[in-house]
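Data block below; observations after.
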Amino acid sequence: MTAPTADRVGFIGLGSQGGPMARRIVEDGIPTVLWARRQETLDAYSDTAAEYASSPAELGSRVDVACVCVVDDAGVEEVVAGPDGLLSTMASGGVVVIHSTVHPDTCRRLAEQARARGIALVDAPVSGGGMAAEARKLLVMVGGDAETLERVRPVFATYADPIVHLGPVGAGQRAKLINNLMLTANLGVLESAYALAKALEVDPGQLSTVLSHGSGNSFAVNVLRTPDFVLGPLGAMAGPLLQKDARLVVDLATAAGAEPGTVLVAADAALDSMGCQR
C-alpha cells in the first residue's frame with residue numbers, strides 16, 4: 001500500500017493506459033470518482049468502490065485531484081477548460097494532472113487558466129503501458145512545482161515507480177516526446193538491421209533472440225516481432241500516435257532553433273515504413 005492521502009481523486013480517460021492506472025488508485029483505497037463518455041466503460045469498475053460522475057464538471061466539483069489521460073490536445077482542452085470542464089467547478093486549492101502526451105504549450109496555457117482559479121496543474125505523461133501500471137512500475141515524467149508533486153505523489157505511487165521531476169510545467173511533456181521519438185528511431189534502426197540480417201543470411205527470428213539478450217537490446221526489440229520483421233503491420237496501431245509525437249518534437253525544435261539530428265532521420269524512416277510519414 002502507498003502512503004495515505006486525504007484527497008479525493010478523479011480520473012478521466014479510462015483506456016488501455018488510463019484504465020489500469022485508475023484501478024490501481026481505487027484498489028489502494030483512495031476515494032475515487034470516474035467519468036467516461038460511455039456507460040460500458042464505467043461498468044468495468046462495478047467490482048470496485050469507485051464512484052461515477054455524469055460530466056467532467058461534476059467530477060471536478062467532487063474531487064481535490066483530477067487526473068486526465070485522454071488521447072490528444074483537443075481532448076485535454078475540452079475536459080479541462082471546456083464549458084463543462086473541470087475548471088468550471090473545481091474548488092480553489094485543487095490540482096489537475098495531465099497524464100496525456102500533448103504539446104507543452106497546451107499544458108502551460110491550461111496551467112495559467114487553472115492558476116487564475118486557485119488551482120495547480122502539473123503535466124505528468126507516462127510510459128510503460130497498462131501492465132506496468134498494474135505492477136506499480138509505470139514511469140511518470142513530471143513538470144510542475146515540487147510542492148504540488150509531493151501532494152500528488154501518493155496518488156502516482158499507486159501505479160508508478162519511478163516518478164521523475166523534470167522541471168516546471170511542460171518539462172514532463174518535453175521529456176516524454178523525446179522518449180517517444182527515441183522509440184520511433186529505434187524501430188527504424190531495428191527494421192534496417194533485420195533487413196541487413198536477411199541479406200547476410202542471418203535468421204531474423206534468431207537475431208531477435210540475440211538482440212533481446214545482447215548489447216543491442218532496446219524496448220523496440222520487444223515491439224518489432226512480426227513474422228516478416230517489418231514495421232508496416234504496426235502502422236495502423238502505433239503509427240498515428242508516433243507520427244503525432246514526432247511532429248510535436250519538430251515543432252519544439254524549430255521554435256528553439258535546435259537541430260534534431262540523427263534521431264529524427266531514423267524516426268522518419270520508421271514512420272515511412274508504417275505509412276505515417278511525418
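Chain labels run A, B, ... following the order of the C-alpha cells; each chain numbers its residues from 1, and ligands are numbered from 1 in the order shown.
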
Shell around segment 258-271 of chain A at 10 Å using only C-alpha atoms, local window under 4 positions removed, as a PyMOL selection string: chain A and resi 178+180-192+230-232+235+238-240+242-243+246+249-250+252-254+275-278

Using only C-alpha atoms, which residues sit within 12 Å of Arg38 of chain A once same-chain residues fewer than 3 positions away are excluded, as a ChimeraX atom specification? /A:12-15,34-35,41-44,52-55

Counting only C-alpha atoms, which residues of segment 92-138 of chain A fall within 9 Å of segment 148-151 of chain A, and what is the closest atom pair for each with its distance in Å at one decimal, ordered by chain and rising number, as JSON lines?
{"residue": "A:Val95", "atom": "CA", "partner": "A:Thr148", "partner_atom": "CA", "distance": 7.7}
{"residue": "A:Ala120", "atom": "CA", "partner": "A:Thr148", "partner_atom": "CA", "distance": 7.2}
{"residue": "A:Leu121", "atom": "CA", "partner": "A:Thr148", "partner_atom": "CA", "distance": 8.1}
{"residue": "A:Val122", "atom": "CA", "partner": "A:Thr148", "partner_atom": "CA", "distance": 7.6}

Can I get the selection written as a PDB file, in the first residue's frame, with C-alpha atoms?
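Once everything was written out, this is again_13.pdb:
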ATOM      1  CA  VAL A  95      -4.862  20.002  -8.600  1.00  0.00           C
ATOM      2  CA  ALA A 120      -2.498  23.965  -9.595  1.00  0.00           C
ATOM      3  CA  LEU A 121      -1.696  21.955 -12.701  1.00  0.00           C
ATOM      4  CA  VAL A 122       1.116  19.511 -13.378  1.00  0.00           C
TER       5      VAL A 122
END

Might you pull out every residue within 7 Å of Gly143 of chain A, with only C-alpha atoms counted and same-chain residues fewer than 3 positions away left off, and present them as a VMD selection string? chain A and resid 122 to 124 165 to 172

Using DSSP on the backbone coordinates, identify all residues within segment 21-91 of chain A classified as helix (DSSP H, G or I); present the result as an MDAnalysis selection string. chainID A and resid 21:27 39:43 56:62 73:81 86:88

Using DSSP on the backbone, list every residue of segment 27-134 of chain A that comes out as strand (DSSP E or B), and give them as a PyMOL selection string. chain A and resi 32-35+51-52+65-68+95-98+120-123+126-127

Could you please take those selected residues and save N, CA, C and O atoms as a PDB file, in the first residue's frame?
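Contents of the output file again-v6.pdb:
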ATOM      1  N   THR A  32     -12.280   7.594  -5.073  1.00  0.00           N
ATOM      2  CA  THR A  32     -12.073   7.882  -6.493  1.00  0.00           C
ATOM      3  C   THR A  32     -13.400   8.061  -7.220  1.00  0.00           C
ATOM      4  O   THR A  32     -14.341   7.292  -7.014  1.00  0.00           O
ATOM      5  N   VAL A  33     -13.439   9.083  -8.074  1.00  0.00           N
ATOM      6  CA  VAL A  33     -14.603   9.349  -8.913  1.00  0.00           C
ATOM      7  C   VAL A  33     -14.158   9.244 -10.374  1.00  0.00           C
ATOM      8  O   VAL A  33     -13.139   9.823 -10.757  1.00  0.00           O
ATOM      9  N   LEU A  34     -14.920   8.525 -11.186  1.00  0.00           N
ATOM     10  CA  LEU A  34     -14.575   8.301 -12.589  1.00  0.00           C
ATOM     11  C   LEU A  34     -15.615   8.935 -13.506  1.00  0.00           C
ATOM     12  O   LEU A  34     -16.796   9.018 -13.164  1.00  0.00           O
ATOM     13  N   TRP A  35     -15.161   9.370 -14.687  1.00  0.00           N
ATOM     14  CA  TRP A  35     -16.086   9.802 -15.732  1.00  0.00           C
ATOM     15  C   TRP A  35     -15.629   9.227 -17.056  1.00  0.00           C
ATOM     16  O   TRP A  35     -14.436   9.160 -17.352  1.00  0.00           O
ATOM     17  N   GLU A  51     -16.738   5.678  -7.518  1.00  0.00           N
ATOM     18  CA  GLU A  51     -17.993   6.375  -7.770  1.00  0.00           C
ATOM     19  C   GLU A  51     -17.922   6.970  -9.180  1.00  0.00           C
ATOM     20  O   GLU A  51     -16.836   7.107  -9.758  1.00  0.00           O
ATOM     21  N   TYR A  52     -19.072   7.339  -9.736  1.00  0.00           N
ATOM     22  CA  TYR A  52     -19.120   7.852 -11.097  1.00  0.00           C
ATOM     23  C   TYR A  52     -19.676   9.268 -11.112  1.00  0.00           C
ATOM     24  O   TYR A  52     -20.464   9.654 -10.256  1.00  0.00           O
ATOM     25  N   VAL A  65      -8.137  16.245  -6.532  1.00  0.00           N
ATOM     26  CA  VAL A  65      -7.127  15.989  -7.564  1.00  0.00           C
ATOM     27  C   VAL A  65      -7.826  15.322  -8.743  1.00  0.00           C
ATOM     28  O   VAL A  65      -8.518  14.310  -8.560  1.00  0.00           O
ATOM     29  N   ALA A  66      -7.672  15.881  -9.943  1.00  0.00           N
ATOM     30  CA  ALA A  66      -8.300  15.317 -11.133  1.00  0.00           C
ATOM     31  C   ALA A  66      -7.233  14.916 -12.138  1.00  0.00           C
ATOM     32  O   ALA A  66      -6.459  15.762 -12.601  1.00  0.00           O
ATOM     33  N   CYS A  67      -7.171  13.625 -12.478  1.00  0.00           N
ATOM     34  CA  CYS A  67      -6.194  13.110 -13.433  1.00  0.00           C
ATOM     35  C   CYS A  67      -6.845  12.956 -14.799  1.00  0.00           C
ATOM     36  O   CYS A  67      -7.961  12.440 -14.903  1.00  0.00           O
ATOM     37  N   VAL A  68      -6.139  13.378 -15.839  1.00  0.00           N
ATOM     38  CA  VAL A  68      -6.646  13.335 -17.207  1.00  0.00           C
ATOM     39  C   VAL A  68      -5.695  12.512 -18.066  1.00  0.00           C
ATOM     40  O   VAL A  68      -4.499  12.807 -18.129  1.00  0.00           O
ATOM     41  N   VAL A  95      -5.985  20.290  -7.700  1.00  0.00           N
ATOM     42  CA  VAL A  95      -4.862  20.002  -8.600  1.00  0.00           C
ATOM     43  C   VAL A  95      -5.385  19.245  -9.820  1.00  0.00           C
ATOM     44  O   VAL A  95      -6.143  18.281  -9.676  1.00  0.00           O
ATOM     45  N   VAL A  96      -4.982  19.675 -11.003  1.00  0.00           N
ATOM     46  CA  VAL A  96      -5.258  18.951 -12.242  1.00  0.00           C
ATOM     47  C   VAL A  96      -3.952  18.311 -12.712  1.00  0.00           C
ATOM     48  O   VAL A  96      -2.905  18.973 -12.760  1.00  0.00           O
ATOM     49  N   VAL A  97      -4.008  17.036 -13.034  1.00  0.00           N
ATOM     50  CA  VAL A  97      -2.842  16.285 -13.507  1.00  0.00           C
ATOM     51  C   VAL A  97      -3.080  15.869 -14.953  1.00  0.00           C
ATOM     52  O   VAL A  97      -4.074  15.196 -15.250  1.00  0.00           O
ATOM     53  N   ILE A  98      -2.187  16.257 -15.850  1.00  0.00           N
ATOM     54  CA  ILE A  98      -2.298  15.875 -17.267  1.00  0.00           C
ATOM     55  C   ILE A  98      -1.363  14.691 -17.532  1.00  0.00           C
ATOM     56  O   ILE A  98      -0.154  14.849 -17.659  1.00  0.00           O
ATOM     57  N   ALA A 120      -3.817  24.311  -9.062  1.00  0.00           N
ATOM     58  CA  ALA A 120      -2.498  23.965  -9.595  1.00  0.00           C
ATOM     59  C   ALA A 120      -2.652  22.938 -10.711  1.00  0.00           C
ATOM     60  O   ALA A 120      -3.627  22.175 -10.747  1.00  0.00           O
ATOM     61  N   LEU A 121      -1.699  22.946 -11.623  1.00  0.00           N
ATOM     62  CA  LEU A 121      -1.696  21.955 -12.701  1.00  0.00           C
ATOM     63  C   LEU A 121      -0.288  21.437 -12.894  1.00  0.00           C
ATOM     64  O   LEU A 121       0.674  22.212 -12.893  1.00  0.00           O
ATOM     65  N   VAL A 122      -0.167  20.128 -13.034  1.00  0.00           N
ATOM     66  CA  VAL A 122       1.116  19.511 -13.378  1.00  0.00           C
ATOM     67  C   VAL A 122       0.927  18.654 -14.622  1.00  0.00           C
ATOM     68  O   VAL A 122      -0.155  18.086 -14.842  1.00  0.00           O
ATOM     69  N   ASP A 123       1.946  18.620 -15.471  1.00  0.00           N
ATOM     70  CA  ASP A 123       1.918  17.671 -16.579  1.00  0.00           C
ATOM     71  C   ASP A 123       2.723  16.462 -16.135  1.00  0.00           C
ATOM     72  O   ASP A 123       3.803  16.594 -15.557  1.00  0.00           O
ATOM     73  N   VAL A 126       3.141   9.546 -19.091  1.00  0.00           N
ATOM     74  CA  VAL A 126       3.594   8.260 -18.568  1.00  0.00           C
ATOM     75  C   VAL A 126       4.148   7.387 -19.679  1.00  0.00           C
ATOM     76  O   VAL A 126       3.883   7.599 -20.860  1.00  0.00           O
ATOM     77  N   SER A 127       4.910   6.373 -19.275  1.00  0.00           N
ATOM     78  CA  SER A 127       5.459   5.410 -20.229  1.00  0.00           C
ATOM     79  C   SER A 127       5.524   4.053 -19.558  1.00  0.00           C
ATOM     80  O   SER A 127       5.883   3.951 -18.382  1.00  0.00           O
TER      81      SER A 127
END

Looking at A:Lys244, A:Arg23, A:Arg62, A:Lys198, which one is nearest to Asp47 of chain A, with distances taken over only C-alpha atoms?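 Among A:Lys244, A:Arg23, A:Arg62, A:Lys198, it is A:Arg23 that comes nearest to Asp47 of chain A.
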
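Here atom CA of Ala6 of chain A is placed at a distance of 17.7 Å from atom CA of Tyr159 of chain A.
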
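The nearest approach to Gly19 of chain A among the residues A:Pro83, A:Gly60, A:Gly93, A:Gly130, with only C-alpha atoms taken into account, belongs to A:Gly130.
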
Counting only C-alpha atoms, the option among A:Asp272, A:Ala220, A:Gly10, A:His103 closest to Ala50 of chain A: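 Among A:Asp272, A:Ala220, A:Gly10, A:His103, it is A:Gly10 that comes nearest to Ala50 of chain A.
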
Can you tell me which residues surround Asn217 of chain A at a distance of at most 9 Å, considering only C-alpha atoms, apart from same-chain residues fewer than 6 positions away, and format the answer as an mmCIF file with N, CA, C and O atoms, in the first residue's frame?
data_model
loop_
_atom_site.group_PDB
_atom_site.id
_atom_site.type_symbol
_atom_site.label_atom_id
_atom_site.label_comp_id
_atom_site.auth_asym_id
_atom_site.auth_seq_id
_atom_site.Cartn_x
_atom_site.Cartn_y
_atom_site.Cartn_z
ATOM 1 N N SER A 208 16.482 -11.810 -33.287
ATOM 2 C CA SER A 208 15.695 -11.116 -32.269
ATOM 3 C C SER A 208 16.002 -11.656 -30.878
ATOM 4 O O SER A 208 16.029 -10.908 -29.896
ATOM 5 N N VAL A 210 18.941 -12.968 -30.050
ATOM 6 C CA VAL A 210 20.278 -12.437 -29.758
ATOM 7 C C VAL A 210 20.184 -11.004 -29.253
ATOM 8 O O VAL A 210 20.777 -10.641 -28.224
ATOM 9 N N LEU A 211 19.416 -10.172 -29.967
ATOM 10 C CA LEU A 211 19.322 -8.765 -29.584
ATOM 11 C C LEU A 211 18.660 -8.577 -28.229
ATOM 12 O O LEU A 211 19.055 -7.705 -27.453
#

So how far away is atom CA of Arg115 of chain A from atom CA of Val79 of chain A, in Å? 16.5 Å
